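K.L.:
Pasting my_file_24.cif here (mmCIF, C-alpha atoms and all ligand atoms):
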data_target
#
loop_
_atom_site.group_PDB
_atom_site.id
_atom_site.type_symbol
_atom_site.label_atom_id
_atom_site.label_comp_id
_atom_site.auth_asym_id
_atom_site.auth_seq_id
_atom_site.Cartn_x
_atom_site.Cartn_y
_atom_site.Cartn_z
ATOM 1 C CA MET A 1 6.228 -17.898 91.015
ATOM 2 C CA ILE A 2 5.504 -18.956 87.450
ATOM 3 C CA ASP A 3 6.690 -16.559 84.770
ATOM 4 C CA PRO A 4 4.208 -16.960 81.812
ATOM 5 C CA SER A 5 6.693 -15.476 79.333
ATOM 6 C CA LYS A 6 9.141 -18.335 79.946
ATOM 7 C CA PRO A 7 8.552 -21.913 78.767
ATOM 8 C CA ASP A 8 7.365 -24.265 81.391
ATOM 9 C CA LEU A 9 10.157 -26.714 81.697
ATOM 10 C CA GLU A 10 8.492 -29.012 84.168
ATOM 11 C CA GLU A 11 9.575 -32.652 83.741
ATOM 12 C CA SER A 12 6.054 -33.720 82.600
ATOM 13 C CA VAL A 13 6.104 -31.479 79.433
ATOM 14 C CA ASN A 14 7.871 -32.803 76.339
ATOM 15 C CA VAL A 15 8.833 -29.583 74.604
ATOM 16 C CA THR A 16 9.830 -31.215 71.294
ATOM 17 C CA GLU A 17 6.535 -33.073 71.090
ATOM 18 C CA SER A 18 4.373 -30.028 71.787
ATOM 19 C CA HIS A 19 6.319 -27.964 69.269
ATOM 20 C CA ASP A 20 5.693 -30.638 66.668
ATOM 21 C CA ARG A 21 1.980 -30.654 67.452
ATOM 22 C CA VAL A 22 1.738 -26.904 66.963
ATOM 23 C CA LEU A 23 3.462 -27.125 63.566
ATOM 24 C CA ARG A 24 1.205 -29.921 62.311
ATOM 25 C CA GLY A 25 -1.877 -27.993 63.420
ATOM 26 C CA ALA A 26 -0.800 -24.930 61.458
ATOM 27 C CA ALA A 27 -0.045 -26.978 58.325
ATOM 28 C CA ALA A 28 -3.454 -28.644 58.452
ATOM 29 C CA ALA A 29 -5.219 -25.304 58.847
ATOM 30 C CA SER A 30 -3.423 -23.911 55.804
ATOM 31 C CA ARG A 31 -4.505 -26.923 53.683
ATOM 32 C CA GLU A 32 -8.146 -26.459 54.630
ATOM 33 C CA ASN A 33 -10.444 -25.321 51.743
ATOM 34 C CA LYS A 34 -12.146 -21.982 52.128
ATOM 35 C CA LEU A 35 -15.818 -22.290 52.961
ATOM 36 C CA THR A 36 -17.999 -21.718 49.888
ATOM 37 C CA GLU A 37 -21.694 -20.897 49.558
ATOM 38 C CA ASN A 38 -24.075 -23.781 49.183
ATOM 39 C CA GLY A 39 -24.193 -24.897 45.530
ATOM 40 C CA ALA A 40 -20.990 -23.072 44.632
ATOM 41 C CA GLU A 41 -18.669 -25.816 45.819
ATOM 42 C CA PRO A 42 -16.081 -26.789 43.191
ATOM 43 C CA VAL A 43 -17.063 -29.799 41.072
ATOM 44 C CA SER A 44 -14.708 -32.699 41.044
ATOM 45 C CA MET A 45 -12.433 -32.855 37.996
ATOM 46 C CA TRP A 46 -13.598 -36.410 37.302
ATOM 47 C CA VAL A 47 -17.243 -35.396 37.178
ATOM 48 C CA MET A 48 -16.354 -32.644 34.671
ATOM 49 C CA ALA A 49 -14.351 -35.018 32.484
ATOM 50 C CA LEU A 50 -17.252 -37.490 32.407
ATOM 51 C CA CYS A 51 -19.647 -34.712 31.342
ATOM 52 C CA PHE A 52 -17.593 -34.089 28.200
ATOM 53 C CA VAL A 53 -18.116 -37.610 26.911
ATOM 54 C CA PRO A 54 -21.782 -37.157 25.842
ATOM 55 C CA VAL A 55 -20.922 -33.734 24.377
ATOM 56 C CA LEU A 56 -18.174 -35.191 22.187
ATOM 57 C CA PHE A 57 -20.442 -38.029 21.177
ATOM 58 C CA ALA A 58 -23.279 -35.644 20.238
ATOM 59 C CA GLY A 59 -20.913 -33.512 18.172
ATOM 60 C CA TRP A 60 -19.566 -36.508 16.358
ATOM 61 C CA THR A 61 -23.028 -37.834 15.391
ATOM 62 C CA ALA A 62 -24.391 -34.415 14.391
ATOM 63 C CA PHE A 63 -21.455 -32.824 12.569
ATOM 64 C CA GLY A 64 -18.963 -35.564 11.878
ATOM 65 C CA TYR A 65 -17.763 -36.156 8.331
ATOM 66 C CA GLY A 66 -20.415 -37.928 6.285
ATOM 67 C CA THR A 67 -23.182 -37.494 8.857
ATOM 68 C CA PRO A 68 -26.520 -35.989 7.785
ATOM 69 C CA LEU A 69 -26.183 -32.580 9.501
ATOM 70 C CA PHE A 70 -22.930 -31.760 7.801
ATOM 71 C CA SER A 71 -22.342 -33.436 4.490
ATOM 72 C CA TYR A 72 -19.915 -31.599 2.233
ATOM 73 C CA LYS A 73 -21.294 -33.543 -0.708
ATOM 74 C CA ASP A 74 -24.877 -32.403 -0.080
ATOM 75 C CA THR A 75 -24.173 -28.732 0.691
ATOM 76 C CA VAL A 76 -21.684 -27.921 -2.103
ATOM 77 C CA ARG A 77 -22.695 -28.549 -5.680
ATOM 78 C CA THR A 78 -20.145 -30.355 -7.819
ATOM 79 C CA GLY A 79 -18.337 -28.067 -10.234
ATOM 80 C CA TYR A 80 -19.145 -25.021 -8.094
ATOM 81 C CA VAL A 81 -16.819 -22.066 -8.722
ATOM 82 C CA GLN A 82 -16.948 -19.017 -6.500
ATOM 83 C CA VAL A 83 -17.624 -15.855 -8.477
ATOM 84 C CA ILE A 84 -16.084 -12.700 -6.992
ATOM 85 C CA PRO A 85 -18.217 -9.702 -7.953
ATOM 86 C CA PRO A 86 -16.260 -6.898 -9.657
ATOM 87 C CA ASP A 87 -15.523 -3.953 -7.387
ATOM 88 C CA ALA A 88 -16.187 -0.335 -8.347
ATOM 89 C CA ASP A 89 -12.696 0.192 -9.797
ATOM 90 C CA SER A 90 -12.542 -2.741 -12.148
ATOM 91 C CA ALA A 91 -16.176 -2.229 -13.123
ATOM 92 C CA ALA A 92 -15.167 1.224 -14.370
ATOM 93 C CA ALA A 93 -12.169 -0.188 -16.238
ATOM 94 C CA VAL A 94 -13.760 0.157 -19.658
ATOM 95 C CA PRO A 95 -11.009 0.363 -22.287
ATOM 96 C CA GLU A 96 -10.486 3.836 -23.724
ATOM 97 C CA PRO A 97 -8.236 5.363 -26.393
ATOM 98 C CA ALA A 98 -4.656 5.604 -25.144
ATOM 99 C CA VAL A 99 -4.231 9.337 -25.623
ATOM 100 C CA LEU A 100 -7.348 10.025 -23.508
ATOM 101 C CA VAL A 101 -6.318 7.701 -20.689
ATOM 102 C CA TYR A 102 -2.772 9.096 -20.505
ATOM 103 C CA ALA A 103 -3.935 12.718 -20.703
ATOM 104 C CA LYS A 104 -6.605 12.212 -18.045
ATOM 105 C CA LYS A 105 -4.012 10.898 -15.596
ATOM 106 C CA GLY A 106 -1.580 13.613 -16.623
ATOM 107 C CA ALA A 107 -4.139 16.334 -15.930
ATOM 108 C CA LYS A 108 -4.057 15.394 -12.256
ATOM 109 C CA LEU A 109 -0.241 15.570 -12.162
ATOM 110 C CA TYR A 110 -0.203 18.968 -13.880
ATOM 111 C CA SER A 111 -0.868 20.504 -10.441
ATOM 112 C CA LYS A 112 2.947 20.253 -10.077
ATOM 113 C CA CYS A 113 3.331 22.777 -12.888
ATOM 114 C CA SER A 114 0.235 24.973 -12.743
ATOM 115 C CA GLY A 115 1.617 27.163 -9.939
ATOM 116 C CA CYS A 116 4.174 28.570 -12.384
ATOM 117 C CA HIS A 117 2.848 27.876 -15.865
ATOM 118 C CA GLY A 118 -0.776 28.591 -14.928
ATOM 119 C CA PRO A 119 -3.853 26.348 -15.003
ATOM 120 C CA ASP A 120 -4.292 27.280 -18.680
ATOM 121 C CA GLY A 121 -0.602 26.566 -19.446
ATOM 122 C CA LYS A 122 -0.134 30.067 -20.810
ATOM 123 C CA GLY A 123 2.464 31.150 -18.226
ATOM 124 C CA ASP A 124 2.474 34.827 -17.276
ATOM 125 C CA GLY A 125 4.574 36.229 -20.093
ATOM 126 C CA ASN A 126 7.003 37.568 -17.527
ATOM 127 C CA ALA A 127 8.566 35.072 -15.115
ATOM 128 C CA TYR A 128 7.087 31.874 -16.563
ATOM 129 C CA PRO A 129 6.886 30.906 -20.232
ATOM 130 C CA SER A 130 3.788 29.522 -21.914
ATOM 131 C CA LEU A 131 3.596 25.808 -22.585
ATOM 132 C CA ALA A 132 0.989 26.443 -25.278
ATOM 133 C CA GLY A 133 2.856 26.325 -28.550
ATOM 134 C CA SER A 134 6.206 25.810 -26.765
ATOM 135 C CA GLU A 135 8.725 24.211 -29.100
ATOM 136 C CA PHE A 136 10.379 22.309 -26.240
ATOM 137 C CA ALA A 137 7.042 20.857 -25.055
ATOM 138 C CA ASN A 138 5.605 20.071 -28.493
ATOM 139 C CA GLY A 139 8.781 19.044 -30.316
ATOM 140 C CA GLU A 140 10.886 15.921 -29.836
ATOM 141 C CA HIS A 141 9.995 14.051 -26.622
ATOM 142 C CA GLU A 142 13.467 13.858 -25.188
ATOM 143 C CA ARG A 143 14.009 17.591 -24.805
ATOM 144 C CA PHE A 144 10.693 17.973 -22.988
ATOM 145 C CA ALA A 145 11.423 15.016 -20.703
ATOM 146 C CA MET A 146 14.867 16.406 -19.803
ATOM 147 C CA ILE A 147 13.303 19.767 -18.831
ATOM 148 C CA VAL A 148 10.733 18.145 -16.539
ATOM 149 C CA LEU A 149 13.286 15.818 -14.913
ATOM 150 C CA ASN A 150 16.142 18.320 -14.537
ATOM 151 C CA GLY A 151 14.710 21.827 -14.786
ATOM 152 C CA LEU A 152 15.848 24.473 -17.259
ATOM 153 C CA THR A 153 18.159 27.434 -17.050
ATOM 154 C CA GLY A 154 19.089 30.116 -19.548
ATOM 155 C CA PRO A 155 17.123 30.952 -22.585
ATOM 156 C CA SER A 156 13.842 29.199 -23.221
ATOM 157 C CA SER A 157 12.892 27.890 -26.647
ATOM 158 C CA THR A 158 11.952 31.388 -27.775
ATOM 159 C CA GLY A 159 15.373 32.778 -26.834
ATOM 160 C CA LYS A 160 13.935 34.771 -23.960
ATOM 161 C CA THR A 161 15.346 33.993 -20.513
ATOM 162 C CA TYR A 162 12.662 33.848 -17.838
ATOM 163 C CA GLY A 163 14.721 32.485 -14.961
ATOM 164 C CA VAL A 164 15.453 29.009 -13.685
ATOM 165 C CA MET A 165 12.929 26.210 -13.628
ATOM 166 C CA PRO A 166 13.670 23.769 -10.765
ATOM 167 C CA ALA A 167 13.724 20.023 -11.518
ATOM 168 C CA GLN A 168 10.309 18.364 -11.155
ATOM 169 C CA GLY A 169 11.345 14.719 -11.451
ATOM 170 C CA ALA A 170 11.594 13.840 -7.766
ATOM 171 C CA GLY A 171 9.353 10.859 -7.033
ATOM 172 C CA MET A 172 8.035 10.731 -10.595
ATOM 173 C CA SER A 173 7.434 7.234 -11.958
ATOM 174 C CA PRO A 174 7.767 6.493 -15.682
ATOM 175 C CA GLU A 175 3.980 6.332 -15.785
ATOM 176 C CA ASP A 176 3.628 9.757 -14.140
ATOM 177 C CA LEU A 177 6.097 11.349 -16.539
ATOM 178 C CA ALA A 178 4.461 9.735 -19.564
ATOM 179 C CA CYS A 179 0.962 10.853 -18.590
ATOM 180 C CA LEU A 180 2.086 14.378 -17.729
ATOM 181 C CA MET A 181 3.919 14.842 -21.030
ATOM 182 C CA THR A 182 1.027 13.393 -23.022
ATOM 183 C CA TYR A 183 -1.335 15.780 -21.249
ATOM 184 C CA VAL A 184 0.753 18.899 -21.953
ATOM 185 C CA ARG A 185 1.283 17.931 -25.596
ATOM 186 C CA ASN A 186 -2.481 17.627 -26.063
ATOM 187 C CA SER A 187 -3.811 20.507 -23.950
ATOM 188 C CA PHE A 188 -3.821 24.312 -23.835
ATOM 189 C CA GLY A 189 -4.298 24.335 -27.598
ATOM 190 C CA ASN A 190 -1.362 21.936 -28.159
ATOM 191 C CA LYS A 191 -2.408 19.210 -30.600
ATOM 192 C CA VAL A 192 0.568 16.908 -31.047
ATOM 193 C CA GLY A 193 -1.811 13.967 -30.861
ATOM 194 C CA ASP A 194 0.771 11.338 -29.911
ATOM 195 C CA VAL A 195 1.223 9.292 -26.748
ATOM 196 C CA VAL A 196 4.427 9.361 -24.718
ATOM 197 C CA THR A 197 4.280 5.793 -23.388
ATOM 198 C CA LYS A 198 5.441 4.679 -19.972
ATOM 199 C CA GLN A 199 8.182 2.629 -21.679
ATOM 200 C CA MET A 200 9.455 5.789 -23.407
ATOM 201 C CA ALA A 201 9.339 7.695 -20.120
ATOM 202 C CA GLY A 202 11.320 4.880 -18.503
ATOM 203 C CA GLU A 203 14.018 5.425 -21.134
ATOM 204 C CA ALA A 204 13.919 9.167 -20.383
ATOM 205 C CA LEU A 205 14.681 8.475 -16.714
ATOM 206 C CA LYS A 206 17.730 6.411 -17.754
ATOM 207 C CA ILE A 207 18.940 9.071 -20.199
ATOM 208 C CA SER A 208 18.481 11.755 -17.557
ATOM 209 C CA GLY A 209 20.432 9.731 -14.995
ATOM 210 C CA ALA A 210 23.320 9.298 -17.454
ATOM 211 C CA ARG A 211 23.717 13.040 -18.198
ATOM 212 C CA ALA A 212 27.216 14.398 -17.801
ATOM 213 C CA LYS A 213 25.892 17.193 -15.620
ATOM 214 C CA ALA A 214 23.440 14.982 -13.720
ATOM 215 C CA GLY A 215 21.379 16.981 -11.257
ATOM 216 C CA ALA A 216 21.996 20.395 -12.854
ATOM 217 C CA PRO A 217 19.220 22.048 -14.881
ATOM 218 C CA VAL A 218 19.574 21.573 -18.627
ATOM 219 C CA THR A 219 20.287 24.470 -20.964
ATOM 220 C CA ALA A 220 18.810 25.116 -24.390
ATOM 221 C CA ASP A 221 22.268 24.367 -25.846
ATOM 222 C CA GLU A 222 22.476 20.957 -24.192
ATOM 223 C CA LEU A 223 18.887 20.137 -25.210
ATOM 224 C CA ASN A 224 19.513 20.929 -28.855
ATOM 225 C CA ALA A 225 22.937 19.269 -28.966
ATOM 226 C CA ASP A 226 22.169 16.023 -27.087
ATOM 227 C CA HIS A 227 18.436 15.522 -26.739
ATOM 228 C CA LYS A 228 16.770 16.749 -29.898
ATOM 229 C CA LYS A 229 15.198 13.386 -30.660
ATOM 230 C CA ASN A 230 12.209 11.260 -29.819
ATOM 231 C CA LEU A 231 12.490 8.796 -26.964
ATOM 232 C CA PRO A 232 13.194 5.175 -27.889
ATOM 233 C CA GLY A 233 10.307 2.748 -27.560
ATOM 234 C CA ASP A 234 7.424 1.370 -29.546
ATOM 235 C CA ILE A 235 4.954 3.944 -30.784
ATOM 236 C CA LEU A 236 1.459 3.523 -29.354
ATOM 237 C CA ALA A 237 -1.213 4.725 -31.753
ATOM 238 C CA PRO A 238 -3.304 7.346 -29.905
ATOM 239 C CA ASP A 239 -6.599 5.547 -30.539
ATOM 240 C CA THR A 240 -5.380 2.131 -29.313
ATOM 241 C CA LEU A 241 -7.835 0.899 -26.686
ATOM 242 C CA ILE A 242 -6.013 0.486 -23.389
ATOM 243 C CA ASP A 243 -7.015 -0.502 -19.881
ATOM 244 C CA PRO A 244 -7.251 2.743 -17.901
ATOM 245 C CA ILE A 245 -5.701 1.075 -14.842
ATOM 246 C CA THR A 246 -2.832 -0.968 -16.234
ATOM 247 C CA LEU A 247 -2.362 1.212 -19.370
ATOM 248 C CA GLU A 248 -1.865 -2.005 -21.314
ATOM 249 C CA PRO A 249 -3.594 -2.440 -24.679
ATOM 250 C CA VAL A 250 -6.678 -4.663 -24.604
ATOM 251 C CA ALA A 251 -8.014 -6.729 -27.473
ATOM 252 C CA ALA A 252 -11.056 -4.995 -28.926
ATOM 253 C CA LYS A 253 -14.272 -6.721 -27.845
HETATM 254 C C1 LIG B 1 8.788 26.949 -9.857
HETATM 255 C C2 LIG B 1 8.216 27.306 -11.147
HETATM 256 C C3 LIG B 1 8.076 26.240 -12.198
HETATM 257 C C4 LIG B 1 7.487 25.011 -12.082
HETATM 258 C C5 LIG B 1 6.864 24.388 -10.849
HETATM 259 C C6 LIG B 1 7.552 24.416 -13.386
HETATM 260 N N1 LIG B 1 8.183 25.235 -14.264
HETATM 261 FE FE1 LIG B 1 8.514 24.877 -16.225
HETATM 262 N N2 LIG B 1 9.554 26.600 -16.354
HETATM 263 C C7 LIG B 1 9.710 27.530 -15.349
HETATM 264 C C8 LIG B 1 10.572 28.596 -15.824
HETATM 265 C C9 LIG B 1 11.003 29.806 -15.015
HETATM 266 C C10 LIG B 1 10.905 28.281 -17.154
HETATM 267 C C11 LIG B 1 11.815 29.061 -18.075
HETATM 268 C C12 LIG B 1 13.265 28.758 -17.730
HETATM 269 C C13 LIG B 1 14.229 29.590 -18.549
HETATM 270 O O1 LIG B 1 13.978 30.772 -18.757
HETATM 271 O O2 LIG B 1 15.233 29.019 -18.958
HETATM 272 C C14 LIG B 1 10.243 27.034 -17.440
HETATM 273 C C15 LIG B 1 10.316 26.388 -18.677
HETATM 274 C C16 LIG B 1 9.616 25.257 -19.018
HETATM 275 C C17 LIG B 1 9.595 24.662 -20.331
HETATM 276 C C18 LIG B 1 10.322 25.164 -21.561
HETATM 277 C C19 LIG B 1 9.417 26.117 -22.280
HETATM 278 C C20 LIG B 1 10.077 26.603 -23.539
HETATM 279 O O3 LIG B 1 9.395 26.610 -24.562
HETATM 280 O O4 LIG B 1 11.263 26.974 -23.466
HETATM 281 C C21 LIG B 1 8.790 23.587 -20.272
HETATM 282 C C22 LIG B 1 8.426 22.631 -21.416
HETATM 283 C C23 LIG B 1 8.308 23.495 -18.918
HETATM 284 N N3 LIG B 1 8.817 24.524 -18.174
HETATM 285 C C24 LIG B 1 7.457 22.499 -18.453
HETATM 286 C C25 LIG B 1 7.102 22.364 -17.115
HETATM 287 C C26 LIG B 1 6.318 21.269 -16.631
HETATM 288 C C27 LIG B 1 5.694 20.162 -17.479
HETATM 289 C C28 LIG B 1 6.204 21.452 -15.291
HETATM 290 C C29 LIG B 1 5.521 20.558 -14.298
HETATM 291 C C30 LIG B 1 6.050 19.221 -14.172
HETATM 292 C C31 LIG B 1 6.913 22.669 -14.955
HETATM 293 N N4 LIG B 1 7.448 23.173 -16.090
HETATM 294 C C32 LIG B 1 7.021 23.169 -13.671
HETATM 295 C C33 LIG B 1 9.195 27.438 -14.079
HETATM 296 C C34 LIG B 1 8.529 26.361 -13.572
#
I need this file expressed as structure tokens, please.
P.N.:
Amino acid sequence: MIDPSKPDLEESVNVTESHDRVLRGAAAASRENKLTENGAEPVSMWVMALCFVPVLFAGWTAFGYGTPLFSYKDTVRTGYVQVIPPDADSAAAVPEPAVLVYAKKGAKLYSKCSGCHGPDGKGDGNAYPSLAGSEFANGEHERFAMIVLNGLTGPSSTGKTYGVMPAQGAGMSPEDLACLMTYVRNSFGNKVGDVVTKQMAGEALKISGARAKAGAPVTADELNADHKKNLPGDILAPDTLIDPITLEPVAAK
């Protein structure tokens, strides 16, 4: 009886040889390419490479340096300078008198103050003093700057105590402070007429940082003892024409 589940070990069968044949058959089958549709057979790499030669040659004759289809000399005029058209911002940068430019910018920053001192700067006569006619706002720059940067406690310039004004200097650049102060000094009926420049405001930030009681609101006593003076820095005549973006003076055209 022949058991089909057992190898046939008859003398005539070379088991090693047949095993080898089976392995080679399987390897060959796995190397075989998949059948592809007619026309979709892969193209030989060499045929592809040869096809690129005329393409490269055509490109070289048509667009190569110095060839008629692309000649830098013929398409770009000698002495050509690209002109960049002015954008909306710089087109609007018509020089204006310094006091106007500073006050216009300051008007936008006054939103920091209007909640307490009112949009008209008149305060409410009760909890918040008026900035119109205020001695601290209209007098020497340095007192005003110290109030904005540090806040104020105790009596106001009129002697009346309203409460405590919190410091407003957080995140304020010299330019912001300068514009804000110039705005207040020339609005709400105030007519000081001068410009607090960004250089002066920069000095104010230094002076404020060097206060003995840095961080605490100033008092009227401290203001009058230490800060009753104008900020150092060159005076900018209010009608000097300046660039509304850089705030730098421009030569009159
Ligand atoms: C949270 C409310 C509040 C805000 C915001 C505020 N202030 Fe005041 N300010 C006061 C109070 C209150 C006083 C009075 C403090 C006192 O009685 O000592 C005062 C006083 C002043 C004074 C002194 C007035 C004087 O004549 O004595 C000036 C100047 C001033 N503020 C300017 C400003 C400016 C500029 C801003 C905006 C950057 C501003 N304040 C934002 C509440 C405020």
K.L.:
Taking into account all atoms listed in the file, which residue in the set A:Lys105, A:Lys112, A:Lys191, A:Lys198 is nearest to Ala132 in chain A?
P.N.:
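Ranked by minimum distance to Ala132 in chain A, first place goes to A:Lys191.
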K.L.:
With the file shown as input, list the residues that the PyMOL selection byres (((not hetatm)) within 7 of (chain B and resi 1)) selects, as a ChimeraX atom specification.
P.N.:
/A:110,112-117,127-131,134-137,144,147-148,152-158,160-166,168,180-181,184
K.L.:
Could those selected residues go to a file with C-alpha atoms, as a PDB file, keeping the file's coordinate frame?
P.N.:
ATOM      1  CA  TYR A 110      -0.203  18.968 -13.880  1.00  0.00           C
ATOM      2  CA  LYS A 112       2.947  20.253 -10.077  1.00  0.00           C
ATOM      3  CA  CYS A 113       3.331  22.777 -12.888  1.00  0.00           C
ATOM      4  CA  SER A 114       0.235  24.973 -12.743  1.00  0.00           C
ATOM      5  CA  GLY A 115       1.617  27.163  -9.939  1.00  0.00           C
ATOM      6  CA  CYS A 116       4.174  28.570 -12.384  1.00  0.00           C
ATOM      7  CA  HIS A 117       2.848  27.876 -15.865  1.00  0.00           C
ATOM      8  CA  ALA A 127       8.566  35.072 -15.115  1.00  0.00           C
ATOM      9  CA  TYR A 128       7.087  31.874 -16.563  1.00  0.00           C
ATOM     10  CA  PRO A 129       6.886  30.906 -20.232  1.00  0.00           C
ATOM     11  CA  SER A 130       3.788  29.522 -21.914  1.00  0.00           C
ATOM     12  CA  LEU A 131       3.596  25.808 -22.585  1.00  0.00           C
ATOM     13  CA  SER A 134       6.206  25.810 -26.765  1.00  0.00           C
ATOM     14  CA  GLU A 135       8.725  24.211 -29.100  1.00  0.00           C
ATOM     15  CA  PHE A 136      10.379  22.309 -26.240  1.00  0.00           C
ATOM     16  CA  ALA A 137       7.042  20.857 -25.055  1.00  0.00           C
ATOM     17  CA  PHE A 144      10.693  17.973 -22.988  1.00  0.00           C
ATOM     18  CA  ILE A 147      13.303  19.767 -18.831  1.00  0.00           C
ATOM     19  CA  VAL A 148      10.733  18.145 -16.539  1.00  0.00           C
ATOM     20  CA  LEU A 152      15.848  24.473 -17.259  1.00  0.00           C
ATOM     21  CA  THR A 153      18.159  27.434 -17.050  1.00  0.00           C
ATOM     22  CA  GLY A 154      19.089  30.116 -19.548  1.00  0.00           C
ATOM     23  CA  PRO A 155      17.123  30.952 -22.585  1.00  0.00           C
ATOM     24  CA  SER A 156      13.842  29.199 -23.221  1.00  0.00           C
ATOM     25  CA  SER A 157      12.892  27.890 -26.647  1.00  0.00           C
ATOM     26  CA  THR A 158      11.952  31.388 -27.775  1.00  0.00           C
ATOM     27  CA  LYS A 160      13.935  34.771 -23.960  1.00  0.00           C
ATOM     28  CA  THR A 161      15.346  33.993 -20.513  1.00  0.00           C
ATOM     29  CA  TYR A 162      12.662  33.848 -17.838  1.00  0.00           C
ATOM     30  CA  GLY A 163      14.721  32.485 -14.961  1.00  0.00           C
ATOM     31  CA  VAL A 164      15.453  29.009 -13.685  1.00  0.00           C
ATOM     32  CA  MET A 165      12.929  26.210 -13.628  1.00  0.00           C
ATOM     33  CA  PRO A 166      13.670  23.769 -10.765  1.00  0.00           C
ATOM     34  CA  GLN A 168      10.309  18.364 -11.155  1.00  0.00           C
ATOM     35  CA  LEU A 180       2.086  14.378 -17.729  1.00  0.00           C
ATOM     36  CA  MET A 181       3.919  14.842 -21.030  1.00  0.00           C
ATOM     37  CA  VAL A 184       0.753  18.899 -21.953  1.00  0.00           C
TER      38      VAL A 184
END
K.L.:
For CA of Pro42 in chain A and CA of Gly59 in chain A, quote the distance in Å rounded to one decimal.
P.N.:
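One can read the CA of Pro42 in chain A to CA of Gly59 in chain A distance as 26.4 Å.
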K.L.:
Between A:Gly215, A:Pro174, A:Gly193, A:Pro54, which has the minimum distance to Pro97 in chain A (counting all atoms listed in the file)?
P.N.:
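Closest to Pro97 in chain A, using all atoms listed in the file: A:Gly193.
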K.L.:
Can you work out the spacing between CA of Asp120 in chain A and CA of Tyr102 in chain A in Å, to one decimal?
P.N.:
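These atoms are spaced 18.3 Å apart.
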K.L.:
What is the CA of Gly171 in chain A-CA of Leu205 in chain A distance in Å, reported with one decimal?
P.N.:
11.3 Å
K.L.:
With distances taken over only C-alpha atoms, which residue among A:Ala170, A:Val99, A:Ala220, A:Leu241 lies nearest Asp194 in chain A?
P.N.:
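Among the listed residues, the smallest separation from Asp194 in chain A belongs to A:Val99.
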K.L.:
What's the 9 Å shell around Asp243 in chain A, counting all atoms listed in the file, without same-chain residues fewer than 4 positions away, as a ChimeraX atom specification?
P.N.:
/A:93-98,101,247-250
K.L.:
Choose the residue, out of A:Ser187, A:Ser44, A:Asn150, A:Thr219, that has the smallest atom-to-atom separation from Lys122 in chain A; count all atoms listed in the file.
P.N.:
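Of A:Ser187, A:Ser44, A:Asn150, A:Thr219, the one nearest Lys122 in chain A is A:Ser187, counting all atoms listed in the file.
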K.L.:
Give me the result of the PyMOL selection byres (((chain A and resi 206) around 12) and not hetatm) on this file, residue by residue, as number ranges by chain.
P.N.:
A: 142, 145-146, 149, 173-174, 199-205, 207-211, 214, 231-232
K.L.:
Go through A:Pro238, A:Gly151, A:Gly189, A:Pro4 one by one, measure the shortest atom-to-atom distance of each to Val218 in chain A using all atoms listed in the file, and give the residue with the smallest value.
P.N.:
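The shortest atom-to-atom distance to Val218 in chain A comes from A:Gly151.
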K.L.:
Using the atoms already present, construct N, CA and C atoms for range 117-128 of chain A and hand them back as a short mmCIF file (atom, residue, chain, number, x, y, z; two decimals), in the coordinates of the input.
P.N.:
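Dumped to out33.cif:
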data_model
loop_
_atom_site.label_atom_id
_atom_site.label_comp_id
_atom_site.auth_asym_id
_atom_site.auth_seq_id
_atom_site.Cartn_x
_atom_site.Cartn_y
_atom_site.Cartn_z
N HIS A 117 3.27 27.73 -14.46
CA HIS A 117 2.85 27.88 -15.86
C HIS A 117 1.36 28.18 -16.01
N GLY A 118 0.64 28.23 -14.90
CA GLY A 118 -0.78 28.59 -14.93
C GLY A 118 -1.67 27.42 -15.27
N PRO A 119 -2.91 27.43 -14.72
CA PRO A 119 -3.85 26.35 -15.00
C PRO A 119 -4.15 26.23 -16.50
N ASP A 120 -4.03 27.32 -17.24
CA ASP A 120 -4.29 27.28 -18.68
C ASP A 120 -3.00 27.06 -19.48
N GLY A 121 -1.86 26.85 -18.76
CA GLY A 121 -0.60 26.57 -19.45
C GLY A 121 -0.01 27.74 -20.19
N LYS A 122 -0.58 28.92 -20.01
CA LYS A 122 -0.13 30.07 -20.81
C LYS A 122 0.99 30.86 -20.14
N GLY A 123 1.42 30.41 -18.91
CA GLY A 123 2.46 31.15 -18.23
C GLY A 123 1.97 32.52 -17.84
N ASP A 124 2.92 33.46 -17.59
CA ASP A 124 2.47 34.83 -17.28
C ASP A 124 3.18 35.85 -18.17
N GLY A 125 3.92 35.33 -19.15
CA GLY A 125 4.57 36.23 -20.09
C GLY A 125 5.74 37.00 -19.50
N ASN A 126 6.00 36.77 -18.21
CA ASN A 126 7.00 37.57 -17.53
C ASN A 126 8.05 36.68 -16.85
N ALA A 127 7.62 35.94 -15.82
CA ALA A 127 8.57 35.07 -15.12
C ALA A 127 8.46 33.63 -15.59
N TYR A 128 7.31 33.27 -16.16
CA TYR A 128 7.09 31.87 -16.56
C TYR A 128 6.60 31.80 -18.00
#
